[in-house]
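> What follows is a structure written as structure tokens; I'll ask about it next.
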Amino acid sequence: MRRFYPENRLAQFVGVSEGISGETALAQAREQLNELKEVIVGTIEVKVSMLQGMSAQLNGPGGADLVPKIYKLANDIFCDAGVFDFDDLSEAAFQLCDLIAHWRAGAAFNPEAIRVNIAAIALLADARSPLSAQHRAAILAGLRSVHDKFADRPEPANEGEPG
Amino acid sequence: MLTPAEEAAKLNLDRACILLLERGQHNLDILGQIVKGFGAGNLQRCLSIQEAKDVLVRKPVDLVIAEPELDGEDGLDLVRWLRASPLEPNRFTSVALIMGHTSVARIGQARDSGANIVIAKPLKPAVLLSRILWLGRDHRPFVEGETYAGPDRRFKNVGVPAGTDGRRSTDLDTPIGDANEPNLGQDEIDSFMRPQRVLL
């Protein structure tokens with residue numbers, strides 16, 4: 001086993017005396033990101049529609065085969081919505097991913113739970129729906145109950161850093 | 001949110017070469033916009049492992065930000081390849097992996113591939129910037145063994161695994177815990193290094 005200290009090349013660019021502050025960098029990044037907002041919101045809407053289409057087919061033949069696609073779409077929505085601070089939509093999509101991950105880990109498959117999650121995602125994603133903050137919170141609380149009821153194995157997680 | 005120290009920290013990524021690897025153009029655009037906002041002037045945008053390898057063999061890269069869940073490819077293979085390759089200085093470059101919903105086991109695989117850090121999606125600019133600043137200050141040793149090459153995975157001072165004496169000469173037998181005094185100032189550190197006349 002060899003252990004040594006190579007140069008950290010990134011160090012020459014951060015924590016330097018000349019440059020922009022972290023605060024400025026952050027403001028610029030948010031500005032850059034906003035240029036994409038309209039496109040991403042449109043993409044989220046398309047993905048939610050796709051989820052709804054799959055939801056309708058879940059009880060049909062090959063319904064279970066749709067689950068990996070549903071997971072992927074939900075994961076995309078979780079990530080995209082979170083980038084633009086649509087936090088309730090992002091959390092709803094995360095709950096769906098987590099539910100599916102638990103089934104993959106061995107919990108019993110329940111299409112109704114998926115359907116409920118997708119319906120909630122569609123509601124939260126609909127910009128025209130007159131949902132108050134209270135309604136949105138209630139939807140998320142309901143989803144957490146569904147998650148707790150059906151995802152009873154402590155396997156999946158989301159975040160981590162090495163070490 | 002950035003800490004006050006991170007808000008004040010200066011960065012100049014204009015000349016830094018940063019490789020971005022994402023699944024699909026849409027995700028690459030999001031990542032690219034954020035890093036561009038940080039002032040990065042040399043972004044190498046890749047959509048496949050092969051594209052990323054082509055860049056890594058061609059030019060020095062100062063930071064890699066990669067999504068391991070690619071379409072039909074495992075992005076961790078790129079990190080393993082890079083760490084085991086003879087490409088210097090790129091084999092030592094900082095690698096940040098960005099991951100959406102995933103499993104604990106997969107995060108363990110990401111760590112064991114030789115990545116410096118795993119960042120959870122959704123990508124928030126503040127979180128990404130904070131991690132880049134952290135990576136710039138990261139002076140962990142690089143470890144090269146039969147089954148692993150990459151930054152030392154044991155970088156928290158929590159002592160050796162319970163019930164063992166450790167494997168290194170530098171291992172301490174008890175956790176050293178958190179500092180209970182403020183850090184030394186630069187002047188104090190400099191005073192240790194300055195030659196001084198002493199009475200013998």
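Note on naming: chains are A, B, ... as they come in the structure tokens, residues start from 1 per chain, ligands start from 1 in the order shown.
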Should the cut-off be 7 Å, what would the residue list for chain A against chain B look like, counting only C-alpha atoms, as an MDAnalysis selection string?
chainID A and resid 1:6 8:11 13:23 25:26 28:30 32:33 75 78:80 82:83 94 97 156:163
> Write out as a ChimeraX atom specification the residues lying within 10 Å of Glu22 (chain B), counting only C-alpha atoms and excluding same-chain residues fewer than 6 positions away.
/B:28-32,45-49,65-71,75,98
> Filtering to N, CA and C atoms, could you give me those residues as a short mmCIF file (atom, residue, chain, number, x, y, z; two decimals), in the first residue's frame?

data_model
loop_
_atom_site.label_atom_id
_atom_site.label_comp_id
_atom_site.auth_asym_id
_atom_site.auth_seq_id
_atom_site.Cartn_x
_atom_site.Cartn_y
_atom_site.Cartn_z
N LEU B 28 -27.14 17.71 -18.53
CA LEU B 28 -25.84 18.34 -18.77
C LEU B 28 -26.00 19.87 -18.84
N ASP B 29 -27.11 20.30 -19.42
CA ASP B 29 -27.37 21.74 -19.50
C ASP B 29 -27.54 22.34 -18.11
N ILE B 30 -28.27 21.65 -17.26
CA ILE B 30 -28.48 22.16 -15.89
C ILE B 30 -27.15 22.28 -15.16
N LEU B 31 -26.38 21.21 -15.20
CA LEU B 31 -25.08 21.22 -14.52
C LEU B 31 -24.15 22.28 -15.11
N GLY B 32 -24.15 22.37 -16.45
CA GLY B 32 -23.28 23.33 -17.12
C GLY B 32 -23.62 24.77 -16.76
N ARG B 45 -17.87 19.22 -21.70
CA ARG B 45 -19.18 18.59 -21.47
C ARG B 45 -19.23 17.22 -22.15
N CYS B 46 -19.53 16.21 -21.38
CA CYS B 46 -19.53 14.84 -21.93
C CYS B 46 -20.83 14.13 -21.60
N LEU B 47 -21.23 13.26 -22.53
CA LEU B 47 -22.46 12.50 -22.34
C LEU B 47 -22.19 10.99 -22.24
N SER B 48 -20.93 10.61 -22.38
CA SER B 48 -20.61 9.18 -22.29
C SER B 48 -19.23 9.01 -21.67
N ILE B 49 -18.97 7.82 -21.21
CA ILE B 49 -17.67 7.53 -20.61
C ILE B 49 -16.57 7.72 -21.65
N ILE B 65 -16.90 16.42 -12.46
CA ILE B 65 -18.21 16.30 -11.81
C ILE B 65 -19.03 15.34 -12.67
N ALA B 66 -19.39 14.21 -12.10
CA ALA B 66 -19.99 13.15 -12.93
C ALA B 66 -21.20 12.51 -12.27
N GLU B 67 -22.18 12.21 -13.09
CA GLU B 67 -23.34 11.41 -12.68
C GLU B 67 -23.01 9.96 -13.02
N PRO B 68 -23.00 9.06 -12.04
CA PRO B 68 -22.63 7.67 -12.37
C PRO B 68 -23.73 6.89 -13.07
N GLU B 69 -24.99 7.30 -12.92
CA GLU B 69 -26.08 6.53 -13.54
C GLU B 69 -26.30 7.00 -14.97
N LEU B 70 -25.49 6.51 -15.87
CA LEU B 70 -25.60 6.90 -17.28
C LEU B 70 -26.48 5.91 -18.02
N ASP B 71 -26.91 6.30 -19.21
CA ASP B 71 -27.74 5.38 -19.99
C ASP B 71 -26.88 4.23 -20.50
N GLY B 75 -21.09 4.97 -14.62
CA GLY B 75 -20.10 6.05 -14.51
C GLY B 75 -19.00 5.76 -13.51
N ILE B 98 -22.41 13.08 -8.59
CA ILE B 98 -23.72 13.64 -8.27
C ILE B 98 -24.77 12.56 -8.51
#
> Which residues, written as a PyMOL selection string, have at least one atom at most 12 Å from Ala138 (chain A), with only C-alpha atoms counted and residues fewer than 6 positions away on the same chain left out?
chain A and resi 88+92+120+124+131-132+144-145
> Using only C-alpha atoms for the distances, tell me which of A:Glu35, A:Asp148, A:Asp126, A:Asp98 is nearest to Ile70 (chain A).
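Closest to Ile70 (chain A), using only C-alpha atoms: A:Asp98.
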> Could you pull out the strand (DSSP E) residues of region 13-187 of chain B, going by DSSP on the backbone, and write them as number ranges by chain?
B: 17-21, 42-46, 63-66, 69-70, 73-74, 94-99, 102-103, 117-120, 142-144, 149-151
> Rounded to one decimal place, report the CA of Ala113 (chain A)-CA of Gly72 (chain B) distance in Å.
28.7 Å
> What's the separation between CA of Ile77 (chain A) and CA of Leu21 (chain B), in Å to one decimal place?
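Taking CA of Ile77 (chain A) and CA of Leu21 (chain B), their separation equals 19.3 Å.
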> Can you tell me, as a list in words, what residues are no more than 10 Å from region 60-68 of chain A when counting only C-alpha atoms, ignoring any on the same chain fewer than 2 positions away?
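Final neighbour list, sorted by chain and number: Leu51, Met54, Ser55, Ala56, Gln57, Leu58, Ile70, Tyr71, Lys72, Leu73, Ala74, Cys97, Ile100, Ala101, Trp103, Arg104, Phe109, Asn110, Pro111 and Ile114 of chain A.
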> Those residues with N, CA and C atoms, as an mmCIF file, in the first residue's frame please?

data_model
loop_
_atom_site.group_PDB
_atom_site.id
_atom_site.type_symbol
_atom_site.label_atom_id
_atom_site.label_comp_id
_atom_site.auth_asym_id
_atom_site.auth_seq_id
_atom_site.Cartn_x
_atom_site.Cartn_y
_atom_site.Cartn_z
ATOM 1 N N LEU A 51 -45.962 9.672 -16.656
ATOM 2 C CA LEU A 51 -46.239 8.889 -15.438
ATOM 3 C C LEU A 51 -47.721 8.560 -15.342
ATOM 4 N N MET A 54 -48.636 5.763 -17.620
ATOM 5 C CA MET A 54 -48.182 4.456 -17.109
ATOM 6 C C MET A 54 -49.044 4.020 -15.929
ATOM 7 N N SER A 55 -49.466 4.979 -15.143
ATOM 8 C CA SER A 55 -50.307 4.672 -13.983
ATOM 9 C C SER A 55 -51.569 3.939 -14.424
ATOM 10 N N ALA A 56 -52.120 4.393 -15.557
ATOM 11 C CA ALA A 56 -53.352 3.779 -16.058
ATOM 12 C C ALA A 56 -53.126 2.341 -16.518
ATOM 13 N N GLN A 57 -51.899 2.023 -16.853
ATOM 14 C CA GLN A 57 -51.611 0.664 -17.373
ATOM 15 C C GLN A 57 -51.076 -0.293 -16.309
ATOM 16 N N LEU A 58 -50.945 0.210 -15.085
ATOM 17 C CA LEU A 58 -50.275 -0.606 -14.059
ATOM 18 C C LEU A 58 -50.971 -1.932 -13.756
ATOM 19 N N ILE A 70 -41.130 3.922 -14.412
ATOM 20 C CA ILE A 70 -41.758 4.881 -13.483
ATOM 21 C C ILE A 70 -40.701 5.409 -12.514
ATOM 22 N N TYR A 71 -39.858 4.507 -12.040
ATOM 23 C CA TYR A 71 -38.792 4.926 -11.106
ATOM 24 C C TYR A 71 -37.890 5.968 -11.763
ATOM 25 N N LYS A 72 -37.512 5.721 -13.001
ATOM 26 C CA LYS A 72 -36.599 6.621 -13.695
ATOM 27 C C LYS A 72 -37.241 8.001 -13.894
ATOM 28 N N LEU A 73 -38.504 7.981 -14.322
ATOM 29 C CA LEU A 73 -39.198 9.268 -14.517
ATOM 30 C C LEU A 73 -39.335 10.016 -13.189
ATOM 31 N N ALA A 74 -39.701 9.276 -12.137
ATOM 32 C CA ALA A 74 -39.865 9.913 -10.824
ATOM 33 C C ALA A 74 -38.533 10.492 -10.340
ATOM 34 N N CYS A 97 -39.953 7.195 -5.672
ATOM 35 C CA CYS A 97 -38.694 6.454 -5.907
ATOM 36 C C CYS A 97 -38.395 5.527 -4.733
ATOM 37 N N ILE A 100 -40.659 2.468 -4.597
ATOM 38 C CA ILE A 100 -40.272 1.468 -5.601
ATOM 39 C C ILE A 100 -38.982 0.765 -5.186
ATOM 40 N N ALA A 101 -38.055 1.542 -4.631
ATOM 41 C CA ALA A 101 -36.785 0.936 -4.198
ATOM 42 C C ALA A 101 -37.018 -0.107 -3.111
ATOM 43 N N TRP A 103 -39.707 -1.941 -2.823
ATOM 44 C CA TRP A 103 -40.248 -3.147 -3.464
ATOM 45 C C TRP A 103 -39.141 -3.934 -4.157
ATOM 46 N N ARG A 104 -38.236 -3.194 -4.750
ATOM 47 C CA ARG A 104 -37.105 -3.891 -5.378
ATOM 48 C C ARG A 104 -36.305 -4.645 -4.328
ATOM 49 N N PHE A 109 -45.282 -5.904 -3.848
ATOM 50 C CA PHE A 109 -45.629 -4.921 -4.877
ATOM 51 C C PHE A 109 -47.081 -4.484 -4.718
ATOM 52 N N ASN A 110 -47.301 -3.179 -4.706
ATOM 53 C CA ASN A 110 -48.655 -2.682 -4.568
ATOM 54 C C ASN A 110 -48.913 -1.552 -5.572
ATOM 55 N N PRO A 111 -49.587 -1.882 -6.690
ATOM 56 C CA PRO A 111 -49.794 -0.864 -7.734
ATOM 57 C C PRO A 111 -50.626 0.319 -7.259
ATOM 58 N N ILE A 114 -48.519 3.031 -5.873
ATOM 59 C CA ILE A 114 -47.838 3.783 -6.947
ATOM 60 C C ILE A 114 -48.808 4.785 -7.561
#
> Between CA of Trp81 (chain B) and CA of Val95 (chain B), measure the distance and give it in Å to one decimal.
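Separating CA of Trp81 (chain B) from CA of Val95 (chain B) is a distance of 12.4 Å.
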> Please extract the residues of region 21-188 of chain B with a backbone DSSP assignment of alpha helix (DSSP H) and present them as an mmCIF file with N, CA and C atoms, in the first residue's frame.

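selection04.cif, written as the output of this step:
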data_model
loop_
_atom_site.group_PDB
_atom_site.id
_atom_site.type_symbol
_atom_site.label_atom_id
_atom_site.label_comp_id
_atom_site.auth_asym_id
_atom_site.auth_seq_id
_atom_site.Cartn_x
_atom_site.Cartn_y
_atom_site.Cartn_z
ATOM 1 N N GLN B 25 -28.629 15.348 -22.488
ATOM 2 C CA GLN B 25 -28.321 16.760 -22.719
ATOM 3 C C GLN B 25 -28.998 17.675 -21.706
ATOM 4 N N HIS B 26 -30.215 17.309 -21.359
ATOM 5 C CA HIS B 26 -31.006 18.118 -20.432
ATOM 6 C C HIS B 26 -30.293 18.278 -19.079
ATOM 7 N N ASN B 27 -29.827 17.175 -18.535
ATOM 8 C CA ASN B 27 -29.121 17.225 -17.248
ATOM 9 C C ASN B 27 -27.772 17.931 -17.387
ATOM 10 N N LEU B 28 -27.136 17.705 -18.527
ATOM 11 C CA LEU B 28 -25.836 18.344 -18.767
ATOM 12 C C LEU B 28 -26.000 19.866 -18.836
ATOM 13 N N ASP B 29 -27.105 20.298 -19.423
ATOM 14 C CA ASP B 29 -27.375 21.744 -19.504
ATOM 15 C C ASP B 29 -27.538 22.342 -18.108
ATOM 16 N N ILE B 30 -28.266 21.651 -17.256
ATOM 17 C CA ILE B 30 -28.484 22.164 -15.889
ATOM 18 C C ILE B 30 -27.146 22.279 -15.160
ATOM 19 N N LEU B 31 -26.378 21.211 -15.201
ATOM 20 C CA LEU B 31 -25.075 21.216 -14.520
ATOM 21 C C LEU B 31 -24.152 22.284 -15.110
ATOM 22 N N GLY B 32 -24.154 22.366 -16.445
ATOM 23 C CA GLY B 32 -23.280 23.329 -17.123
ATOM 24 C C GLY B 32 -23.617 24.769 -16.758
ATOM 25 N N GLN B 33 -24.917 25.069 -16.693
ATOM 26 C CA GLN B 33 -25.327 26.434 -16.358
ATOM 27 C C GLN B 33 -24.866 26.806 -14.950
ATOM 28 N N ILE B 34 -24.986 25.878 -14.024
ATOM 29 C CA ILE B 34 -24.596 26.180 -12.640
ATOM 30 C C ILE B 34 -23.096 26.443 -12.566
ATOM 31 N N VAL B 35 -22.319 25.549 -13.162
ATOM 32 C CA VAL B 35 -20.856 25.680 -13.052
ATOM 33 C C VAL B 35 -20.355 26.895 -13.841
ATOM 34 N N LYS B 36 -21.020 27.165 -14.961
ATOM 35 C CA LYS B 36 -20.687 28.374 -15.714
ATOM 36 C C LYS B 36 -20.931 29.613 -14.843
ATOM 37 N N GLY B 37 -22.010 29.586 -14.096
ATOM 38 C CA GLY B 37 -22.315 30.687 -13.186
ATOM 39 C C GLY B 37 -21.238 30.884 -12.130
ATOM 40 N N ILE B 49 -18.975 7.819 -21.207
ATOM 41 C CA ILE B 49 -17.671 7.529 -20.610
ATOM 42 C C ILE B 49 -16.572 7.716 -21.651
ATOM 43 N N GLN B 50 -16.848 7.293 -22.871
ATOM 44 C CA GLN B 50 -15.806 7.407 -23.895
ATOM 45 C C GLN B 50 -15.434 8.863 -24.158
ATOM 46 N N GLU B 51 -16.439 9.724 -24.218
ATOM 47 C CA GLU B 51 -16.155 11.146 -24.414
ATOM 48 C C GLU B 51 -15.298 11.682 -23.267
ATOM 49 N N ALA B 52 -15.643 11.261 -22.055
ATOM 50 C CA ALA B 52 -14.894 11.728 -20.881
ATOM 51 C C ALA B 52 -13.456 11.222 -20.922
ATOM 52 N N LYS B 53 -13.282 9.959 -21.311
ATOM 53 C CA LYS B 53 -11.926 9.397 -21.410
ATOM 54 C C LYS B 53 -11.103 10.162 -22.438
ATOM 55 N N ASP B 54 -11.742 10.495 -23.560
ATOM 56 C CA ASP B 54 -11.029 11.225 -24.616
ATOM 57 C C ASP B 54 -10.478 12.552 -24.084
ATOM 58 N N VAL B 55 -11.256 13.213 -23.260
ATOM 59 C CA VAL B 55 -10.796 14.477 -22.677
ATOM 60 C C VAL B 55 -9.665 14.202 -21.683
ATOM 61 N N LEU B 56 -9.850 13.206 -20.854
ATOM 62 C CA LEU B 56 -8.886 12.946 -19.767
ATOM 63 C C LEU B 56 -7.511 12.506 -20.279
ATOM 64 N N VAL B 57 -7.476 11.861 -21.431
ATOM 65 C CA VAL B 57 -6.161 11.463 -21.972
ATOM 66 C C VAL B 57 -5.500 12.625 -22.709
ATOM 67 N N ARG B 58 -6.289 13.645 -23.058
ATOM 68 C CA ARG B 58 -5.798 14.724 -23.900
ATOM 69 C C ARG B 58 -5.272 15.927 -23.132
ATOM 70 N N GLY B 75 -21.089 4.972 -14.621
ATOM 71 C CA GLY B 75 -20.104 6.053 -14.506
ATOM 72 C C GLY B 75 -19.003 5.758 -13.510
ATOM 73 N N LEU B 76 -19.249 4.825 -12.584
ATOM 74 C CA LEU B 76 -18.192 4.480 -11.623
ATOM 75 C C LEU B 76 -17.015 3.813 -12.326
ATOM 76 N N ASP B 77 -17.286 3.201 -13.472
ATOM 77 C CA ASP B 77 -16.199 2.587 -14.247
ATOM 78 C C ASP B 77 -15.195 3.644 -14.695
ATOM 79 N N LEU B 78 -15.691 4.826 -14.990
ATOM 80 C CA LEU B 78 -14.790 5.912 -15.397
ATOM 81 C C LEU B 78 -13.863 6.278 -14.240
ATOM 82 N N VAL B 79 -14.418 6.367 -13.040
ATOM 83 C CA VAL B 79 -13.603 6.757 -11.874
ATOM 84 C C VAL B 79 -12.557 5.674 -11.599
ATOM 85 N N ARG B 80 -12.976 4.415 -11.647
ATOM 86 C CA ARG B 80 -12.018 3.306 -11.411
ATOM 87 C C ARG B 80 -10.903 3.334 -12.459
ATOM 88 N N TRP B 81 -11.320 3.531 -13.711
ATOM 89 C CA TRP B 81 -10.345 3.584 -14.810
ATOM 90 C C TRP B 81 -9.363 4.714 -14.585
ATOM 91 N N LEU B 82 -9.885 5.886 -14.218
ATOM 92 C CA LEU B 82 -9.039 7.066 -14.034
ATOM 93 C C LEU B 82 -8.040 6.850 -12.901
ATOM 94 N N ARG B 83 -8.521 6.341 -11.784
ATOM 95 C CA ARG B 83 -7.645 6.160 -10.624
ATOM 96 C C ARG B 83 -6.560 5.117 -10.891
ATOM 97 N N ALA B 84 -6.882 4.126 -11.705
ATOM 98 C CA ALA B 84 -5.907 3.058 -11.979
ATOM 99 C C ALA B 84 -5.017 3.385 -13.167
ATOM 100 N N VAL B 104 -28.030 2.971 -0.306
ATOM 101 C CA VAL B 104 -26.840 3.093 0.534
ATOM 102 C C VAL B 104 -25.693 2.272 -0.069
ATOM 103 N N ALA B 105 -26.052 1.097 -0.595
ATOM 104 C CA ALA B 105 -25.024 0.232 -1.187
ATOM 105 C C ALA B 105 -24.343 0.927 -2.365
ATOM 106 N N ARG B 106 -25.125 1.629 -3.152
ATOM 107 C CA ARG B 106 -24.568 2.315 -4.325
ATOM 108 C C ARG B 106 -23.641 3.458 -3.886
ATOM 109 N N ILE B 107 -23.993 4.131 -2.811
ATOM 110 C CA ILE B 107 -23.131 5.200 -2.307
ATOM 111 C C ILE B 107 -21.798 4.600 -1.847
ATOM 112 N N GLY B 108 -21.877 3.422 -1.232
ATOM 113 C CA GLY B 108 -20.650 2.730 -0.832
ATOM 114 C C GLY B 108 -19.795 2.389 -2.045
ATOM 115 N N GLN B 109 -20.453 1.943 -3.125
ATOM 116 C CA GLN B 109 -19.701 1.644 -4.361
ATOM 117 C C GLN B 109 -19.040 2.903 -4.910
ATOM 118 N N ALA B 110 -19.778 4.018 -4.820
ATOM 119 C CA ALA B 110 -19.237 5.291 -5.324
ATOM 120 C C ALA B 110 -17.983 5.664 -4.536
ATOM 121 N N ARG B 111 -18.047 5.515 -3.231
ATOM 122 C CA ARG B 111 -16.878 5.811 -2.396
ATOM 123 C C ARG B 111 -15.717 4.885 -2.761
ATOM 124 N N ASP B 112 -16.027 3.624 -2.951
ATOM 125 C CA ASP B 112 -14.970 2.652 -3.209
ATOM 126 C C ASP B 112 -14.408 2.722 -4.632
ATOM 127 N N SER B 113 -15.085 3.481 -5.492
ATOM 128 C CA SER B 113 -14.552 3.628 -6.853
ATOM 129 C C SER B 113 -13.370 4.589 -6.882
ATOM 130 N N PRO B 125 -27.350 25.035 -6.404
ATOM 131 C CA PRO B 125 -26.090 25.745 -6.623
ATOM 132 C C PRO B 125 -25.288 25.949 -5.337
ATOM 133 N N ALA B 126 -25.967 26.268 -4.244
ATOM 134 C CA ALA B 126 -25.239 26.529 -2.994
ATOM 135 C C ALA B 126 -24.515 25.274 -2.509
ATOM 136 N N VAL B 127 -25.181 24.145 -2.638
ATOM 137 C CA VAL B 127 -24.563 22.894 -2.174
ATOM 138 C C VAL B 127 -23.368 22.555 -3.067
ATOM 139 N N LEU B 128 -23.553 22.683 -4.371
ATOM 140 C CA LEU B 128 -22.453 22.339 -5.285
ATOM 141 C C LEU B 128 -21.248 23.265 -5.049
ATOM 142 N N LEU B 129 -21.522 24.544 -4.871
ATOM 143 C CA LEU B 129 -20.413 25.483 -4.643
ATOM 144 C C LEU B 129 -19.697 25.163 -3.330
ATOM 145 N N SER B 130 -20.485 24.883 -2.316
ATOM 146 C CA SER B 130 -19.886 24.557 -1.013
ATOM 147 C C SER B 130 -18.970 23.330 -1.126
ATOM 148 N N ARG B 131 -19.413 22.333 -1.900
ATOM 149 C CA ARG B 131 -18.605 21.113 -2.047
ATOM 150 C C ARG B 131 -17.351 21.375 -2.890
ATOM 151 N N ILE B 132 -17.476 22.269 -3.881
ATOM 152 C CA ILE B 132 -16.294 22.588 -4.689
ATOM 153 C C ILE B 132 -15.261 23.302 -3.819
ATOM 154 N N LEU B 133 -15.735 24.208 -2.974
ATOM 155 C CA LEU B 133 -14.808 24.899 -2.069
ATOM 156 C C LEU B 133 -14.151 23.892 -1.128
ATOM 157 N N TRP B 134 -14.948 22.948 -0.664
ATOM 158 C CA TRP B 134 -14.419 21.911 0.237
ATOM 159 C C TRP B 134 -13.346 21.078 -0.470
ATOM 160 N N LEU B 135 -13.650 20.708 -1.711
ATOM 161 C CA LEU B 135 -12.689 19.895 -2.475
ATOM 162 C C LEU B 135 -11.375 20.649 -2.687
ATOM 163 N N GLY B 136 -11.483 21.969 -2.879
ATOM 164 C CA GLY B 136 -10.282 22.775 -3.079
ATOM 165 C C GLY B 136 -9.395 22.814 -1.843
ATOM 166 N N ARG B 137 -10.020 22.599 -0.697
ATOM 167 C CA ARG B 137 -9.240 22.617 0.559
ATOM 168 C C ARG B 137 -8.864 21.212 1.015
ATOM 169 N N GLN B 186 -2.955 32.325 11.383
ATOM 170 C CA GLN B 186 -1.802 32.165 10.496
ATOM 171 C C GLN B 186 -0.518 32.702 11.128
ATOM 172 N N ASP B 187 -0.637 33.833 11.867
ATOM 173 C CA ASP B 187 0.549 34.417 12.504
ATOM 174 C C ASP B 187 1.150 33.443 13.519
ATOM 175 N N GLU B 188 0.257 32.789 14.259
ATOM 176 C CA GLU B 188 0.751 31.828 15.268
ATOM 177 C C GLU B 188 1.447 30.649 14.590
#
> I'd like to know which of A:Ala137, A:Ala125, A:Ala119, A:Ala108 is closest to Lys149 (chain A), using only C-alpha atoms.
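Among A:Ala137, A:Ala125, A:Ala119, A:Ala108, it is A:Ala108 that comes nearest to Lys149 (chain A).
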